[in-house]
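Participant: Structure: run-v3.txt, compact mmCIF, C-alpha atoms.
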# COMPACT_ATOMS: atom_id res chain seq x y z
CA MET H 1 1.78 4.74 -3.33
CA ILE H 2 4.93 5.70 -5.19
CA GLY H 3 5.38 9.41 -5.69
CA ILE H 4 3.86 12.29 -3.75
CA ARG H 5 1.37 10.77 -1.32
CA PRO H 6 -1.86 12.60 -0.40
CA PRO H 7 -3.17 12.69 3.17
CA LEU H 8 -3.96 9.10 4.00
CA LEU H 9 -7.23 7.37 4.69
CA TRP H 10 -7.62 3.70 5.48
CA GLN H 11 -10.71 1.53 5.51
CA LEU H 12 -11.32 -0.33 8.76
CA GLU H 13 -14.04 -2.72 9.86
CA TYR H 14 -15.82 -3.07 13.21
CA ARG H 15 -18.94 -5.15 13.73
CA HIS H 16 -19.61 -5.18 9.96
CA ARG H 17 -19.55 -1.39 9.76
CA GLY H 18 -16.92 0.69 8.01
CA ARG H 19 -14.29 2.88 9.59
CA LEU H 20 -11.80 5.29 8.15
CA LEU H 21 -8.51 6.35 9.67
CA CYS H 22 -7.44 9.78 8.42
CA ARG H 23 -3.84 10.89 8.66
CA THR H 24 -2.76 14.22 10.10
CA SER H 25 0.83 15.17 10.93
CA TRP H 26 0.95 13.56 14.37
CA CYS H 27 -2.24 11.58 14.91
CA LEU H 28 -4.92 9.43 13.30
CA LEU H 29 -8.59 10.44 13.24
CA LEU H 30 -11.25 7.73 13.41
CA VAL H 31 -14.42 8.25 11.35
CA VAL H 32 -17.40 5.90 11.69
CA MET H 33 -19.67 4.74 8.90
CA ALA H 34 -23.26 3.74 9.64
CA ASN H 35 -25.18 1.12 7.66
CA SER H 36 -26.72 3.94 5.62
CA GLY H 37 -23.34 4.63 4.04
CA LEU H 38 -23.00 8.01 5.75
CA PHE H 39 -19.97 8.99 7.82
CA ALA H 40 -19.95 10.49 11.31
CA VAL H 41 -17.43 11.01 14.07
CA PRO H 42 -17.87 8.69 17.09
CA SER H 43 -18.89 9.97 20.51
CA PHE H 44 -15.72 8.64 22.17
CA SER H 45 -12.20 10.01 21.79
CA ARG H 46 -11.16 9.48 18.19
CA TYR H 47 -7.65 10.93 17.96
CA TYR H 48 -4.72 8.57 18.35
CA PRO H 49 -1.18 9.95 18.71
CA VAL H 50 1.40 8.20 16.56
CA GLY H 51 4.94 8.93 15.47
CA ALA H 52 5.76 11.91 13.29
CA ASN H 53 4.60 11.85 9.65
CA PRO H 54 2.58 8.60 9.48
CA ARG H 55 3.02 7.12 6.02
CA ASP H 56 1.32 3.74 5.80
CA LEU H 57 -0.80 1.27 7.76
CA ALA H 58 -1.15 -2.51 8.00
CA THR H 59 -3.74 -4.56 9.86
CA ALA H 60 -3.74 -7.92 11.65
CA ASP H 61 -4.50 -9.38 15.09
CA PHE H 62 -1.18 -8.69 16.80
CA ASN H 63 -2.06 -9.77 20.35
CA GLY H 64 -4.24 -12.83 19.71
CA ASP H 65 -7.48 -11.46 21.17
CA GLY H 66 -9.47 -11.91 17.97
CA LEU H 67 -9.70 -8.16 17.35
CA ARG H 68 -8.20 -6.21 14.49
CA ASP H 69 -5.12 -4.13 15.30
CA TYR H 70 -3.08 -1.68 13.22
CA ALA H 71 0.59 -0.88 12.63
CA VAL H 72 1.44 2.62 11.41
CA ALA H 73 4.77 3.28 9.66
CA CYS H 74 6.07 6.74 10.61
CA HIS H 75 8.61 8.46 8.42
CA ASP H 76 10.66 10.98 10.37
CA PRO H 77 14.39 10.86 11.16
CA SER H 78 13.86 12.50 14.56
CA GLN H 79 11.20 9.99 15.69
CA PRO H 80 11.42 6.80 13.60
CA GLU H 81 8.96 4.15 14.70
CA VAL H 82 6.07 1.88 13.81
CA THR H 83 3.17 2.76 16.10
CA ILE H 84 0.88 -0.10 17.17
CA LEU H 85 -2.85 0.47 17.74
CA LEU H 86 -4.48 -2.45 19.59
CA GLY H 87 -8.24 -2.83 19.09
CA GLN H 88 -10.39 -2.82 22.23
CA GLY H 89 -13.51 -4.35 20.67
CA ASP H 90 -15.69 -1.24 20.89
CA GLY H 91 -14.10 0.83 18.14
CA ARG H 92 -11.41 2.22 20.43
CA PHE H 93 -7.66 1.55 20.36
CA SER H 94 -4.79 1.58 22.80
CA VAL H 95 -1.51 2.96 21.47
CA SER H 96 1.98 1.60 21.98
CA THR H 97 5.36 2.08 20.34
CA GLY H 98 6.34 -0.81 18.12
CA PRO H 99 9.56 -1.43 16.21
CA VAL H 100 11.92 1.54 15.84
CA TRP H 101 13.59 1.84 12.46
CA THR H 102 14.91 4.65 10.32
CA LEU H 103 12.62 6.39 7.82
CA SER H 104 9.88 3.79 7.50
CA TYR H 105 7.88 4.18 4.29
CA GLU H 106 5.50 1.25 4.02
CA VAL H 107 4.41 -1.63 6.24
CA GLU H 108 2.62 -4.92 5.59
CA ALA H 109 1.51 -7.65 8.01
CA ALA H 110 1.47 -11.45 7.63
CA ASP H 111 2.70 -14.55 9.43
CA PHE H 112 6.07 -14.74 7.70
CA ASP H 113 7.69 -17.37 9.94
CA GLY H 114 4.67 -19.68 10.25
CA ASP H 115 4.43 -19.59 14.07
CA GLY H 116 0.79 -18.47 14.08
CA HIS H 117 1.61 -14.87 15.10
CA ALA H 118 1.32 -11.82 12.85
CA ASP H 119 4.62 -10.25 11.83
CA LEU H 120 5.56 -7.00 10.08
CA VAL H 121 7.70 -6.14 7.09
CA VAL H 122 8.78 -2.51 6.77
CA SER H 123 10.46 -0.76 3.86
CA SER H 124 12.86 2.10 4.47
CA GLY H 125 14.30 4.48 1.92
CA ASN H 126 16.18 7.74 1.95
CA ARG H 127 14.80 10.95 0.52
CA ARG H 128 17.90 12.30 -1.15
CA GLY H 129 16.89 15.86 -0.37
CA THR H 130 17.69 15.28 3.31
CA THR H 131 21.01 14.86 5.07
CA HIS H 132 19.78 11.80 6.94
CA GLU H 133 21.32 8.51 5.88
CA SER H 134 18.83 5.66 5.81
CA GLU H 135 19.42 1.97 5.29
CA ASP H 136 17.54 1.72 1.96
CA ALA H 137 16.34 -1.72 2.93
CA VAL H 138 13.48 -4.02 3.90
CA ARG H 139 13.30 -5.47 7.40
CA PHE H 140 11.09 -8.09 9.07
CA PHE H 141 9.85 -7.72 12.66
CA TYR H 142 8.51 -10.93 14.17
CA GLY H 143 5.53 -10.81 16.52
CA ASN H 144 5.20 -12.76 19.77
CA GLY H 145 1.40 -12.88 19.68
CA LYS H 146 1.19 -10.42 22.59
CA GLY H 147 1.28 -7.18 20.62
CA ALA H 148 5.08 -6.83 20.64
CA PHE H 149 7.78 -7.53 18.05
CA PRO H 150 10.91 -8.51 19.98
CA TYR H 151 12.77 -10.18 17.10
CA SER H 152 13.86 -8.72 13.80
CA SER H 153 15.83 -9.67 10.73
CA GLU H 154 18.91 -7.86 9.58
CA PRO H 155 18.09 -5.15 7.03
CA ILE H 156 17.80 -6.66 3.55
CA PRO H 157 19.39 -4.11 1.20
CA LEU H 158 17.46 -2.81 -1.76
CA PRO H 159 19.18 -3.05 -5.16
CA GLU H 160 21.91 -0.50 -5.76
CA GLY H 161 20.49 2.83 -6.86
CA PHE H 162 16.97 1.76 -5.87
CA LEU H 163 16.02 5.25 -4.70
CA THR H 164 17.68 8.13 -6.43
CA TRP H 165 15.05 10.86 -6.60
CA SER H 166 13.61 12.95 -3.80
CA VAL H 167 9.98 11.80 -3.96
CA THR H 168 10.33 8.07 -4.43
CA GLU H 169 9.63 5.35 -1.91
CA PRO H 170 9.75 1.53 -1.95
CA ARG H 171 6.25 0.05 -2.31
CA LEU H 172 5.48 -3.33 -0.69
CA PHE H 173 3.19 -6.09 -1.97
CA ILE H 174 2.49 -9.48 -0.37
CA THR H 175 2.13 -12.47 -2.67
CA ASP H 176 2.88 -16.20 -2.87
CA VAL H 177 5.17 -16.61 -5.86
CA ASN H 178 5.66 -20.38 -5.70
CA ALA H 179 2.28 -21.38 -4.17
CA ASP H 180 3.90 -22.90 -1.06
CA ARG H 181 1.53 -21.02 1.28
CA ARG H 182 4.38 -18.91 2.64
CA PRO H 183 3.93 -15.16 2.13
CA ASP H 184 6.53 -13.61 -0.17
CA ILE H 185 7.30 -9.92 -0.66
CA VAL H 186 7.57 -7.80 -3.79
CA VAL H 187 9.22 -4.36 -3.51
CA LEU H 188 8.69 -1.89 -6.35
CA GLY H 189 11.03 1.07 -6.73
CA TYR H 190 11.79 3.87 -9.13
CA ILE H 191 15.00 5.20 -10.65
CA PHE H 192 14.97 8.47 -12.56
CA ASN H 193 15.32 7.97 -16.31
CA GLN H 194 16.43 4.34 -15.95
CA PRO H 195 14.77 0.90 -15.82
CA ASP H 196 12.81 0.60 -12.58
CA PRO H 197 13.90 -2.12 -10.12
CA ILE H 198 11.75 -4.80 -8.53
CA LEU H 199 13.02 -6.89 -5.62
CA THR H 200 11.18 -10.14 -4.81
CA LEU H 201 11.89 -11.85 -1.48
CA ILE H 202 10.85 -15.51 -1.68
CA ASN H 203 10.05 -17.03 1.71
CA GLU H 204 12.00 -20.27 2.22
CA GLY H 205 10.86 -20.82 5.81
CA SER H 206 12.73 -20.50 9.12
CA ARG H 207 12.91 -16.71 8.58
CA ARG H 208 15.03 -17.09 5.46
CA PHE H 209 14.29 -15.25 2.21
CA ARG H 210 15.82 -15.66 -1.22
CA ARG H 211 16.17 -12.44 -3.17
CA VAL H 212 15.32 -12.17 -6.86
CA GLU H 213 16.01 -8.93 -8.73
CA CYS H 214 14.71 -7.66 -12.04
CA THR H 215 13.89 -4.39 -13.76
CA ILE H 216 11.06 -3.17 -15.94
CA PRO H 217 11.67 -0.70 -18.78
CA ASP H 218 11.23 2.96 -18.04
CA THR H 219 8.73 4.82 -20.21
CA PRO H 220 8.85 8.38 -21.57
CA ARG H 221 6.41 9.32 -18.80
CA ASP H 222 9.02 8.24 -16.25
CA LEU H 223 7.97 8.97 -12.64
CA ILE H 224 5.69 6.41 -10.94
CA PHE H 225 2.94 8.22 -9.04
CA SER H 226 1.00 5.19 -7.83
CA ALA H 227 0.85 1.41 -8.18
CA GLY H 228 -1.68 -1.37 -7.72
CA SER H 229 -1.44 -5.15 -7.72
CA ALA H 230 -3.73 -8.01 -8.71
CA ASP H 231 -3.71 -11.08 -10.96
CA PHE H 232 -4.80 -9.18 -14.05
CA ASN H 233 -4.29 -12.04 -16.53
CA GLU H 234 -5.53 -14.72 -14.10
CA ASP H 235 -2.53 -17.02 -14.36
CA GLY H 236 -2.27 -17.36 -10.58
CA LEU H 237 0.60 -14.85 -10.26
CA LEU H 238 0.64 -11.30 -8.91
CA ASP H 239 0.90 -8.59 -11.57
CA LEU H 240 1.63 -4.87 -11.14
CA ALA H 241 0.05 -1.76 -12.63
CA MET H 242 1.91 1.54 -12.41
CA LEU H 243 0.40 4.99 -12.92
CA ARG H 244 3.15 7.17 -14.35
CA ARG H 245 3.51 10.91 -14.65
CA GLY H 246 1.74 12.07 -17.78
CA ASP H 247 -1.19 9.74 -17.12
CA GLU H 248 -0.01 6.44 -18.51
CA ILE H 249 -0.67 3.07 -16.88
CA GLN H 250 2.04 0.46 -17.44
CA LEU H 251 1.51 -3.24 -16.68
CA ALA H 252 4.10 -5.78 -15.51
CA TRP H 253 3.37 -9.50 -15.50
CA GLY H 254 4.49 -11.74 -12.63
CA GLN H 255 6.58 -14.82 -13.51
CA LYS H 256 6.97 -18.12 -11.64
CA ASP H 257 10.57 -17.31 -10.73
CA GLY H 258 9.59 -14.10 -8.93
CA THR H 259 10.57 -11.72 -11.72
CA PHE H 260 8.30 -9.44 -13.74
CA THR H 261 8.11 -8.67 -17.44
CA SER H 262 6.41 -5.75 -19.13
CA GLY H 263 4.44 -6.12 -22.29
CA GLY H 264 1.29 -5.17 -24.10
CA PRO H 265 0.01 -1.68 -24.76
CA THR H 266 0.02 0.91 -22.02
CA ILE H 267 -3.24 2.53 -20.98
CA GLU H 268 -3.52 6.25 -21.72
CA THR H 269 -5.69 8.09 -19.22
CA GLY H 270 -6.02 11.34 -21.18
CA GLY H 271 -3.55 13.72 -19.53
CA ALA H 272 -5.80 14.46 -16.58
CA SER H 273 -3.21 14.71 -13.77
CA GLY H 274 -3.65 11.21 -12.36
CA GLU H 275 -2.44 10.90 -8.77
CA TYR H 276 -3.62 7.57 -7.36
CA MET H 277 -4.64 4.18 -8.67
CA LEU H 278 -6.44 1.24 -7.12
CA ALA H 279 -6.84 -2.34 -8.34
CA THR H 280 -9.97 -4.22 -7.25
CA ASP H 281 -12.90 -6.16 -8.68
CA LEU H 282 -15.35 -3.29 -8.71
CA ASP H 283 -18.16 -4.80 -10.77
CA GLY H 284 -18.13 -8.28 -9.22
CA ASP H 285 -17.41 -10.21 -12.43
CA GLY H 286 -14.35 -11.93 -10.96
CA HIS H 287 -11.86 -9.84 -12.96
CA ALA H 288 -9.60 -7.16 -11.45
CA ASP H 289 -10.38 -3.58 -12.54
CA LEU H 290 -8.31 -0.39 -12.35
CA ILE H 291 -9.55 2.91 -10.90
CA ALA H 292 -7.47 6.07 -11.34
CA SER H 293 -8.11 9.52 -9.87
CA MET H 294 -8.01 12.27 -12.51
CA GLY H 295 -7.14 15.40 -10.54
CA SER H 296 -7.53 18.08 -13.21
CA GLN H 297 -10.86 16.69 -14.46
CA ASN H 298 -12.46 16.08 -11.03
CA ARG H 299 -13.42 12.53 -11.86
CA LEU H 300 -12.41 8.89 -11.62
CA ALA H 301 -11.52 6.74 -14.63
CA ILE H 302 -12.60 3.10 -14.18
CA TYR H 303 -11.05 0.53 -16.51
CA HIS H 304 -12.92 -2.78 -16.37
CA GLY H 305 -10.65 -5.81 -16.67
CA ARG H 306 -11.38 -8.67 -19.06
CA GLY H 307 -9.42 -11.27 -17.08
CA ASP H 308 -6.81 -11.80 -19.80
CA GLY H 309 -4.60 -8.83 -18.89
CA SER H 310 -6.48 -6.40 -21.10
CA PHE H 311 -9.00 -3.72 -20.15
CA GLU H 312 -11.98 -2.06 -21.76
CA THR H 313 -10.73 0.65 -24.11
CA LEU H 314 -13.12 3.37 -22.98
CA PRO H 315 -13.18 3.96 -19.23
CA LEU H 316 -16.24 4.64 -17.15
CA LEU H 317 -15.92 8.24 -15.93
CA VAL H 318 -17.35 9.17 -12.53
CA ASP H 319 -17.57 12.76 -11.29
CA THR H 320 -16.05 13.57 -7.89
CA GLY H 321 -15.28 16.58 -5.77
CA THR H 322 -12.48 18.97 -6.64
CA THR H 323 -9.04 17.42 -7.27
CA PRO H 324 -9.58 13.76 -6.33
CA ALA H 325 -6.50 12.05 -4.94
CA TRP H 326 -6.71 8.95 -2.71
CA ILE H 327 -9.24 6.16 -3.45
CA GLY H 328 -10.51 3.42 -1.14
CA ALA H 329 -12.84 0.50 -1.84
CA GLY H 330 -15.25 -1.38 0.42
CA ASP H 331 -18.88 -2.31 0.94
CA TRP H 332 -19.81 0.97 2.56
CA ASN H 333 -23.60 0.44 2.78
CA ASP H 334 -23.73 -3.35 3.35
CA ASP H 335 -25.50 -4.16 0.08
CA GLY H 336 -22.93 -6.74 -1.03
CA ARG H 337 -21.50 -4.48 -3.71
CA ARG H 338 -18.08 -2.83 -3.92
CA ASP H 339 -18.20 0.93 -3.28
CA LEU H 340 -15.58 3.67 -3.57
CA CYS H 341 -14.52 6.42 -1.21
CA VAL H 342 -12.51 9.32 -2.65
CA TYR H 343 -10.39 11.89 -0.86
CA CYS H 344 -10.43 15.26 -2.65
CA ARG H 345 -7.84 17.93 -2.01
CA SER H 346 -10.26 20.86 -2.29
CA ALA H 347 -13.86 21.34 -1.22
How does this structure look as structure tokens?

Facilitator:
Amino acid sequence: MIGIRPPLLWQLEYRHRGRLLCRTSWCLLLVVMANSGLFAVPSFSRYYPVGANPRDLATADFNGDGLRDYAVACHDPSQPEVTILLGQGDGRFSVSTGPVWTLSYEVEAADFDGDGHADLVVSSGNRRGTTHESEDAVRFFYGNGKGAFPYSSEPIPLPEGFLTWSVTEPRLFITDVNADRRPDIVVLGYIFNQPDPILTLINEGSRRFRRVECTIPDTPRDLIFSAGSADFNEDGLLDLAMLRRGDEIQLAWGQKDGTFTSGGPTIETGGASGEYMLATDLDGDGHADLIASMGSQNRLAIYHGRGDGSFETLPLLVDTGTTPAWIGAGDWNDDGRRDLCVYCRSA
């Protein structure tokens, strides 16, 4: 998410049942979902110590045992690291320290060098309100298939002025711009009262990436609170949707050269203090939809996509608890339909 991030939750899977990881300041809490769709805490130890201020999580099989593992980006200048949680096959994890890098914001996992082992890409950016100098860059950490990441790229600098306001962070998306089956990276940033930068790193193989830079016009609503990605117009390219302060959703269309263009009307969400947005096919019609949390109205706004880059004018409104923030999607009760899980700030 870009902007002020709520306490994190992540959907996991284990033996076809859901899991959530909930962020606290120094650890992750595991919550188990039964087939009924109800949550419970497991009987075994469920707290996992990680680095200070965990910010984001990525999943892959890092040690080649066929089990799902997790990498947690921790954002703290005194203890910068990416913590690795290795799945044990029974819902438990073992914890180890992974790559150490300054002020990690977001992390994604994929096999970037094509050796059959999962790798990591981590974005780092400086909060200008601190005295700590960060690298304002993206960096790749290459896995050895044994749960470790002994090789890394040099930091790839973000565009000049990429982060200039105290609550921004570089958001990562994985895509395949040129359909060569090599994972590429899109990094979305924010600059106060200026066009917002997008950096695309096109994977050319052998751990080489070609950078492509572009900007999208700023809007009067300015600050990006959250962003989602999907192929909204179904042209085979990744598009972006940005929830801006003042409850406006702006769309940017992916191009074959790795750039993005903005166009078409923005989506007004009604001035309801939107905080988070998710892109997923919620109704199963094959078209990506948008779901935004409306904090001041205690509800979600669901915009059903038409598959041509447009969305239904009137959203479906769903009541939630008080001050909804984070949203997750999954098949929580095993009925083959997409469900939503919402974190609310107040009971």

Participant: So that I can check the surroundings of Gly286 in chain H, please list as an MDAnalysis selection string every protein, DNA and RNA residue that reaches within 12 Å of it, counting all atoms listed in the file and ignoring chain neighbours fewer than 2 positions away.

Facilitator: chainID H and resid 230:234 280:284 288:289 304:308

Participant: Give me, as a list in words, all polymer residues having an atom no more than 12 Å from Gly66 in chain H, counting all atoms listed in the file and skipping those fewer than 4 positions away in the same chain.

Facilitator: Tyr14, Ala60, Asp61, Phe62, Leu86, Gly87, Gln88, Gly89, His117, Ala118, Gly145 and Lys146 of chain H

Participant: CA of Gly274 in chain H to CA of Asp56 in chain H: how many Å, to one decimal?

Facilitator: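 Those two atoms sit 20.3 Å apart.
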
Participant: Using all atoms listed in the file for the distances, tell me which of H:Phe311, H:Phe93, H:Tyr142, H:Phe173 is nearest to Ser123 in chain H.

Facilitator: H:Phe173

Participant: Using only C-alpha atoms, find the one residue out of H:Asn144, H:Ser124, H:Ser153, H:Ser229 that sits nearest to Val186 in chain H.

Facilitator: H:Ser229

Participant: Have a look at CA of Ala227 in chain H and CA of Cys214 in chain H and let me know their distance in Å, one decimal.

Facilitator: 17.0 Å

Participant: Tell me which of H:Pro159, H:Pro183, H:Pro150, H:Gly114 sits closest to Pro99 in chain H, counting all atoms listed in the file.

Facilitator: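 Among the listed residues, H:Pro150 lies closest to Pro99 in chain H.
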
Participant: Go through H:Ser96, H:His287, H:Val212, H:Ile198 one by one, measure the shortest atom-to-atom distance of each to Asp235 in chain H using only C-alpha atoms, and give the residue with the smallest value.

Facilitator: H:His287

Participant: Which polymer residues, protein or nucleic acid, are no farther than 8 Å from (6.5, -11.8, -11.8), counting all atoms listed in the file, as a CSV table (one decimal) with C-alpha atoms, in the frame of the given file?

Facilitator:
chain,number,residue,atom,x,y,z
H,177,VAL,CA,5.2,-16.6,-5.9
H,237,LEU,CA,0.6,-14.8,-10.3
H,238,LEU,CA,0.6,-11.3,-8.9
H,239,ASP,CA,0.9,-8.6,-11.6
H,252,ALA,CA,4.1,-5.8,-15.5
H,253,TRP,CA,3.4,-9.5,-15.5
H,254,GLY,CA,4.5,-11.7,-12.6
H,255,GLN,CA,6.6,-14.8,-13.5
H,256,LYS,CA,7.0,-18.1,-11.6
H,257,ASP,CA,10.6,-17.3,-10.7
H,258,GLY,CA,9.6,-14.1,-8.9
H,259,THR,CA,10.6,-11.7,-11.7
H,260,PHE,CA,8.3,-9.4,-13.7
H,261,THR,CA,8.1,-8.7,-17.4

Participant: By how many Å are CA of Ser262 in chain H and CA of Val342 in chain H apart?

Facilitator: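 So the two atoms, CA of Ser262 in chain H and CA of Val342 in chain H, lie 29.3 Å apart.
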
Participant: Need the shell around Met277 in chain H: protein/DNA/RNA residues with any atom at most 7 Å away, counting only C-alpha atoms. Skip same-chain ones fewer than 5 positions apart. Format as a list in words?

Facilitator: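 The filter keeps Ser226, Ala227, Gly228, Leu243, Leu290, Ile291, Ala292 and Ser293 of chain H.
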
Participant: Generate a file of the selected residues that holds C-alpha atoms, formatted as a PDB file, in the frame of the given file.

Facilitator:
ATOM      1  CA  SER H 226       1.000   5.190  -7.830  1.00  0.00           C
ATOM      2  CA  ALA H 227       0.850   1.410  -8.180  1.00  0.00           C
ATOM      3  CA  GLY H 228      -1.680  -1.370  -7.720  1.00  0.00           C
ATOM      4  CA  LEU H 243       0.400   4.990 -12.920  1.00  0.00           C
ATOM      5  CA  LEU H 290      -8.310  -0.390 -12.350  1.00  0.00           C
ATOM      6  CA  ILE H 291      -9.550   2.910 -10.900  1.00  0.00           C
ATOM      7  CA  ALA H 292      -7.470   6.070 -11.340  1.00  0.00           C
ATOM      8  CA  SER H 293      -8.110   9.520  -9.870  1.00  0.00           C
TER       9      SER H 293
END
